[in-house]
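*Asks:* Sharing model_15.txt below, compact mmCIF, C-alpha atoms and all ligand atoms:
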# COMPACT_ATOMS: atom_id res chain seq x y z
CA ASN A 1 -17.06 -25.96 -5.90
CA LYS A 2 -16.75 -23.64 -2.91
CA ARG A 3 -19.61 -21.19 -2.57
CA VAL A 4 -18.54 -17.55 -2.24
CA ALA A 5 -20.76 -14.68 -1.07
CA ILE A 6 -19.64 -11.09 -1.62
CA LEU A 7 -20.74 -8.14 0.54
CA LEU A 8 -20.47 -4.58 -0.76
CA SER A 9 -21.73 -1.05 -0.24
CA GLY A 10 -20.64 0.82 -3.35
CA GLY A 11 -19.56 0.52 -6.95
CA GLY A 12 -18.40 -3.04 -6.60
CA SER A 13 -15.25 -3.02 -8.71
CA ASN A 14 -13.64 -5.53 -6.35
CA MET A 15 -16.76 -7.71 -6.52
CA VAL A 16 -16.49 -7.68 -10.34
CA ALA A 17 -12.81 -8.68 -10.17
CA LEU A 18 -13.61 -11.53 -7.75
CA ALA A 19 -16.63 -12.75 -9.70
CA GLN A 20 -14.81 -12.64 -13.04
CA SER A 21 -11.99 -14.72 -11.57
CA MET A 22 -14.35 -17.51 -10.53
CA THR A 23 -14.80 -19.28 -13.86
CA GLY A 24 -13.38 -22.37 -15.56
CA ASP A 25 -11.25 -24.54 -13.28
CA HIS A 26 -11.42 -22.03 -10.41
CA PRO A 27 -12.59 -23.93 -7.32
CA GLY A 28 -14.99 -21.16 -6.26
CA ARG A 29 -18.26 -19.76 -7.59
CA PRO A 30 -20.13 -16.57 -6.61
CA VAL A 31 -23.52 -17.48 -5.10
CA LEU A 32 -24.72 -14.16 -3.69
CA VAL A 33 -23.87 -10.45 -3.81
CA LEU A 34 -25.38 -8.64 -0.86
CA SER A 35 -25.43 -4.91 -0.13
CA ASN A 36 -26.48 -2.83 2.87
CA ASP A 37 -27.31 -0.07 0.38
CA PRO A 38 -30.16 -0.88 -2.05
CA ASP A 39 -28.76 1.74 -4.46
CA ALA A 40 -25.20 0.38 -4.53
CA GLY A 41 -23.91 0.25 -8.09
CA GLY A 42 -22.39 -3.15 -7.40
CA LEU A 43 -25.85 -4.77 -7.24
CA ALA A 44 -26.65 -3.91 -10.86
CA LYS A 45 -23.20 -5.13 -11.93
CA ALA A 46 -23.78 -8.46 -10.17
CA GLN A 47 -27.21 -8.82 -11.77
CA ALA A 48 -25.68 -8.19 -15.18
CA MET A 49 -23.24 -11.03 -14.43
CA GLY A 50 -26.10 -13.34 -13.52
CA ILE A 51 -25.27 -13.51 -9.81
CA PRO A 52 -28.17 -13.54 -7.31
CA THR A 53 -28.33 -10.27 -5.37
CA GLN A 54 -29.96 -9.07 -2.20
CA ALA A 55 -30.14 -5.75 -0.36
CA ILE A 56 -30.58 -5.44 3.38
CA ASP A 57 -30.96 -1.73 4.04
CA HIS A 58 -29.22 -0.94 7.32
CA LYS A 59 -31.32 2.23 7.61
CA ALA A 60 -34.42 0.09 8.20
CA PHE A 61 -32.86 -1.10 11.46
CA GLY A 62 -32.19 2.35 12.91
CA LYS A 63 -29.63 2.18 15.70
CA ASP A 64 -30.17 -1.55 16.26
CA ARG A 65 -26.88 -2.89 14.92
CA ALA A 66 -27.48 -6.37 16.33
CA ALA A 67 -30.78 -6.67 14.42
CA PHE A 68 -29.03 -5.66 11.18
CA ASP A 69 -26.28 -8.19 11.85
CA ASP A 70 -28.91 -10.89 12.48
CA ALA A 71 -30.70 -10.11 9.20
CA LEU A 72 -27.38 -10.22 7.35
CA HIS A 73 -26.49 -13.51 9.01
CA SER A 74 -29.84 -15.08 8.06
CA ALA A 75 -29.45 -13.99 4.44
CA LEU A 76 -25.97 -15.48 4.33
CA ILE A 77 -27.06 -18.74 5.95
CA ALA A 78 -29.75 -19.08 3.26
CA ALA A 79 -27.07 -18.80 0.56
CA LYS A 80 -24.86 -21.42 2.28
CA PRO A 81 -21.53 -19.81 1.47
CA ASP A 82 -18.26 -21.51 2.34
CA ILE A 83 -16.48 -18.16 2.17
CA VAL A 84 -17.69 -14.56 2.56
CA CYS A 85 -15.72 -11.74 0.93
CA LEU A 86 -16.18 -8.19 2.15
CA ALA A 87 -15.50 -5.99 -0.89
CA GLY A 88 -16.00 -2.34 -0.07
CA PHE A 89 -18.53 -3.22 2.62
CA MET A 90 -18.71 -0.06 4.72
CA ARG A 91 -20.71 -1.17 7.77
CA ILE A 92 -19.00 -2.17 10.99
CA LEU A 93 -20.15 -5.64 12.03
CA GLY A 94 -20.52 -6.80 15.62
CA ALA A 95 -18.13 -9.23 17.30
CA ASP A 96 -20.93 -11.83 17.63
CA PHE A 97 -21.53 -11.75 13.88
CA MET A 98 -17.86 -12.00 13.06
CA ALA A 99 -17.37 -14.92 15.42
CA LYS A 100 -20.01 -16.85 13.44
CA TRP A 101 -17.92 -16.49 10.26
CA ASP A 102 -14.56 -17.01 11.88
CA ARG A 103 -12.04 -18.37 9.35
CA GLN A 104 -14.57 -17.99 6.54
CA MET A 105 -14.60 -14.22 6.01
CA LEU A 106 -12.10 -12.08 4.11
CA ASN A 107 -11.80 -8.31 3.78
CA ILE A 108 -9.87 -5.95 1.53
CA HIS A 109 -8.63 -2.73 3.03
CA PRO A 110 -6.95 0.15 1.16
CA SER A 111 -3.79 0.46 3.25
CA LEU A 112 -0.73 -1.54 4.21
CA LEU A 113 -2.18 -2.92 7.44
CA PRO A 114 -1.51 -2.65 10.34
CA LYS A 115 -1.19 0.98 9.19
CA TYR A 116 -4.34 3.08 8.80
CA LYS A 117 -7.23 0.97 9.96
CA GLY A 118 -10.57 2.66 9.41
CA LEU A 119 -11.26 5.46 6.94
CA ARG A 120 -9.29 8.10 4.93
CA THR A 121 -6.43 5.67 4.42
CA HIS A 122 -4.93 7.38 1.36
CA ALA A 123 -4.94 10.84 2.94
CA ARG A 124 -3.42 9.48 6.14
CA ALA A 125 -0.56 7.78 4.28
CA LEU A 126 0.22 11.10 2.58
CA GLU A 127 -0.05 13.09 5.82
CA ALA A 128 2.39 10.69 7.47
CA GLY A 129 4.93 11.26 4.66
CA ASP A 130 4.99 7.55 3.80
CA LYS A 131 7.07 6.44 0.82
CA THR A 132 4.86 3.45 0.07
CA HIS A 133 1.18 2.61 0.29
CA GLY A 134 -1.10 -0.15 -0.89
CA CYS A 135 -3.83 -2.58 0.07
CA THR A 136 -4.26 -5.63 2.25
CA VAL A 137 -6.48 -8.70 2.21
CA HIS A 138 -6.95 -10.23 5.64
CA GLU A 139 -9.09 -12.73 7.48
CA VAL A 140 -11.80 -10.96 9.45
CA THR A 141 -11.64 -11.27 13.22
CA ALA A 142 -13.57 -9.51 15.98
CA ASP A 143 -11.33 -6.43 15.75
CA LEU A 144 -11.80 -3.87 12.95
CA ASP A 145 -9.33 -4.24 10.07
CA ASP A 146 -7.34 -6.75 12.06
CA GLY A 147 -6.80 -10.47 11.62
CA PRO A 148 -4.20 -12.55 9.80
CA ILE A 149 -2.83 -10.93 6.66
CA LEU A 150 -3.38 -13.04 3.53
CA GLY A 151 -1.88 -10.65 1.01
CA GLN A 152 -0.57 -7.17 0.35
CA ALA A 153 0.18 -5.09 -2.73
CA GLU A 154 2.60 -2.20 -2.38
CA ILE A 155 3.03 0.88 -4.54
CA GLN A 156 5.44 3.82 -4.37
CA ILE A 157 4.06 7.20 -3.33
CA GLY A 158 5.21 9.95 -5.70
CA PRO A 159 5.74 13.64 -4.94
CA ASP A 160 2.64 14.63 -6.91
CA ASP A 161 0.30 12.06 -5.41
CA THR A 162 -2.97 13.17 -3.85
CA ALA A 163 -5.45 11.08 -1.90
CA GLU A 164 -7.46 10.75 -5.12
CA SER A 165 -4.50 9.71 -7.27
CA LEU A 166 -3.42 7.18 -4.65
CA ALA A 167 -6.91 5.69 -4.46
CA ALA A 168 -6.98 5.42 -8.25
CA ARG A 169 -3.53 3.80 -8.37
CA VAL A 170 -4.19 1.35 -5.53
CA LEU A 171 -7.53 0.13 -6.91
CA PRO A 172 -6.12 -1.89 -9.86
CA PHE A 173 -3.82 -3.64 -7.38
CA GLU A 174 -6.85 -4.49 -5.24
CA HIS A 175 -8.36 -6.09 -8.33
CA GLN A 176 -5.24 -8.25 -8.76
CA LEU A 177 -4.63 -9.03 -5.12
CA TYR A 178 -8.09 -10.05 -3.95
CA PRO A 179 -8.68 -12.71 -6.65
CA ALA A 180 -5.13 -14.03 -6.13
CA VAL A 181 -5.74 -14.44 -2.39
CA LEU A 182 -9.21 -15.94 -2.86
CA ARG A 183 -7.91 -18.46 -5.37
CA ARG A 184 -5.54 -19.80 -2.69
CA TYR A 185 -7.99 -19.44 0.17
CA VAL A 186 -10.69 -21.61 -1.43
CA THR A 187 -8.20 -24.47 -1.45
CA GLY A 188 -7.37 -23.88 2.23
CA ASP A 189 -4.04 -22.21 1.42
CA ARG A 190 -3.41 -19.22 3.69
CA THR A 191 0.11 -18.49 2.43
CA PRO A 192 0.22 -14.70 1.97
CA VAL A 193 0.40 -13.21 -1.53
CA PHE A 194 2.70 -10.19 -1.96
CA LEU A 195 2.52 -8.00 -5.05
CA GLN A 196 4.70 -5.03 -5.91
CA GLN A 197 4.41 -2.29 -8.43
CA SER A 198 6.88 -2.92 -11.26
CA SER A 199 8.82 0.31 -11.73
C1 LIG B 1 -12.05 -0.28 -2.16
O1 LIG B 1 -10.97 0.61 -2.34
C2 LIG B 1 -11.89 -1.02 -0.85
O2 LIG B 1 -10.55 -1.34 -0.53
C3 LIG B 1 -12.44 -0.03 0.13
O3 LIG B 1 -13.56 0.53 -0.53
C4 LIG B 1 -13.35 0.50 -1.94
C5 LIG B 1 -14.53 -0.18 -2.59
O4 LIG B 1 -14.47 -0.08 -4.00
N1 LIG B 1 -12.79 -0.65 1.36
C6 LIG B 1 -12.78 -0.03 2.54
O5 LIG B 1 -12.44 1.12 2.68
C7 LIG B 1 -13.18 -0.90 3.72
N2 LIG B 1 -13.13 -0.17 4.93
P1 LIG B 1 -15.35 -1.04 -4.91
O6 LIG B 1 -16.79 -0.94 -4.43
O7 LIG B 1 -15.19 -0.49 -6.29
O8 LIG B 1 -14.82 -2.44 -4.78
Please render this file's structure as structure tokens.

*Replies:*
Amino acid sequence: NKRVAILLSGGGSNMVALAQSMTGDHPGRPVLVLSNDPDAGGLAKAQAMGIPTQAIDHKAFGKDRAAFDDALHSALIAAKPDIVCLAGFMRILGADFMAKWDRQMLNIHPSLLPKYKGLRTHARALEAGDKTHGCTVHEVTADLDDGPILGQAEIQIGPDDTAESLAARVLPFEHQLYPAVLRRYVTGDRTPVFLQQSS
């Protein structure tokens, strides 16, 4: 089995979707859930699922981003993952760190990349008057929210949508898309997965 580590900062609903998918004949297994926030709700959820957890509090490193990256890297090395999934991990990682996990690290981002890298993606899609929105899973490269696209799910934006309603409607698609991409990725298949809202 391929060993999968999952990095998060918050509630961990994507982590739960990924971990729940890795059972039975799935070629991957979750070996570590790691958070930069010791209070992240996702840690308790992982513990309840019997997955080893670890917190590396970025605040303990002050402004020294490289030292935080090094601590994260050491923790990952100890868990020997074949693949690392960022799942709502809200720290920006340095180019040196990302180079060490080149072609082994995935991220999910709540927009149709290359649109709306960074934060406030749902509000920005609304402000732009977009007709569609969604989420993207991509391979992590040295540039933020860049790298080869491995899957996208698209939904229609309605006239009554708010940033909150969009976030709530995109999230279930994240939970479908990320496991679907990971399932392929663990077998070395990088063919993109495209999902669409059935109307
Ligand atoms: C998800 O919507 C994910 O796409 C987003 O954070 C949320 C985490 O939710 N990620 C980013 O914005 C990355 N920049 P979760 O903790 O319930 O999975």

*Asks:* Could you check the closest approach to Met98 (chain A) for each of A:His175, A:Lys80, A:Lys115, A:His73 and tell me which residue wins, using only C-alpha atoms?

*Replies:* A:His73

*Asks:* Find the residues around His26 (chain A) up to 12 Å (all atoms listed in the file counted), leave out those fewer than 2 positions away in its own chain, and share them as a PyMOL selection string.

*Replies:* chain A and resi 1-4+18-24+28-30+179-180+182-187

*Asks:* Output the neighbourhood of ligand LIG 1 (chain B) as a list in words, that is, all protein and nucleic acid residues with some atom at most 7 Å from the ligand, counting all atoms listed in the file.

*Replies:*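 Protein and nucleic-acid residues within 7 Å of ligand LIG 1 (chain B): Leu8, Ser9, Gly10, Gly11, Gly12, Ser13, Asn14, Met15, Gly42, Ala87, Gly88, Phe89, Met90, Ile108, His109, Pro110, Gly118, Leu119, Cys135, Ala167, Leu171 and Glu174 of chain A.
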
*Asks:* Could you check the closest approach to Ala55 (chain A) for each of A:Ala75, A:Leu34, A:Ala128, A:Ala17 and tell me which residue wins, using all atoms listed in the file?

*Replies:*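 Smallest separation from Ala55 (chain A) among the options: A:Leu34.
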
*Asks:* So the first atom is CA of Ile157 (chain A) and the second is CA of Phe173 (chain A); what is the distance between them in Å, to one decimal place?

*Replies:* 14.0 Å

*Asks:* Restricting the calculation to all atoms listed in the file: of A:Ser111, A:Thr141, A:Thr136, A:Thr191, which residue gets closest to Leu177 (chain A)?

*Replies:*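 Result for the nearest residue to Leu177 (chain A): A:Thr136.
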
*Asks:* Looking at A:Ile77, A:Ala66, A:Ala142, A:Ala125, which one is nearest to Asp102 (chain A), with distances taken over all atoms listed in the file?

*Replies:* A:Ala142

*Asks:* Between A:Ala67, A:Pro81, A:Val31, A:Tyr116, which is the closest to Gln54 (chain A) once you count only C-alpha atoms?

*Replies:*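 Of all the options, A:Val31 lies closest to Gln54 (chain A).
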
*Asks:* For each of A:Gly129, A:Ala163, A:Asn107, A:Leu72, take the minimum atom-to-atom distance to Asp145 (chain A), counting all atoms listed in the file, then give the residue where this is smallest.

*Replies:* A:Asn107

*Asks:* How many Å lie between CA of Gln156 (chain A) and CA of Gln197 (chain A), rounded to one decimal?

*Replies:*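 Here the two named atoms are 7.4 Å from each other.
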
*Asks:* As an exercise, work out the distance from CA of Phe68 (chain A) to CA of Val16 (chain A) in Å and give it to one decimal place.

*Replies:*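 CA of Val16 (chain A) lies 25.0 Å from CA of Phe68 (chain A).
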
*Asks:* Taking 6 positions as the minimum chain separation for residues in the same chain, which residues sit within 12 Å of Pro114 (chain A) when counting only C-alpha atoms? Answer as an NGL selection string.

*Replies:* :A and (121 or 133-138 or 143-149 or 152)
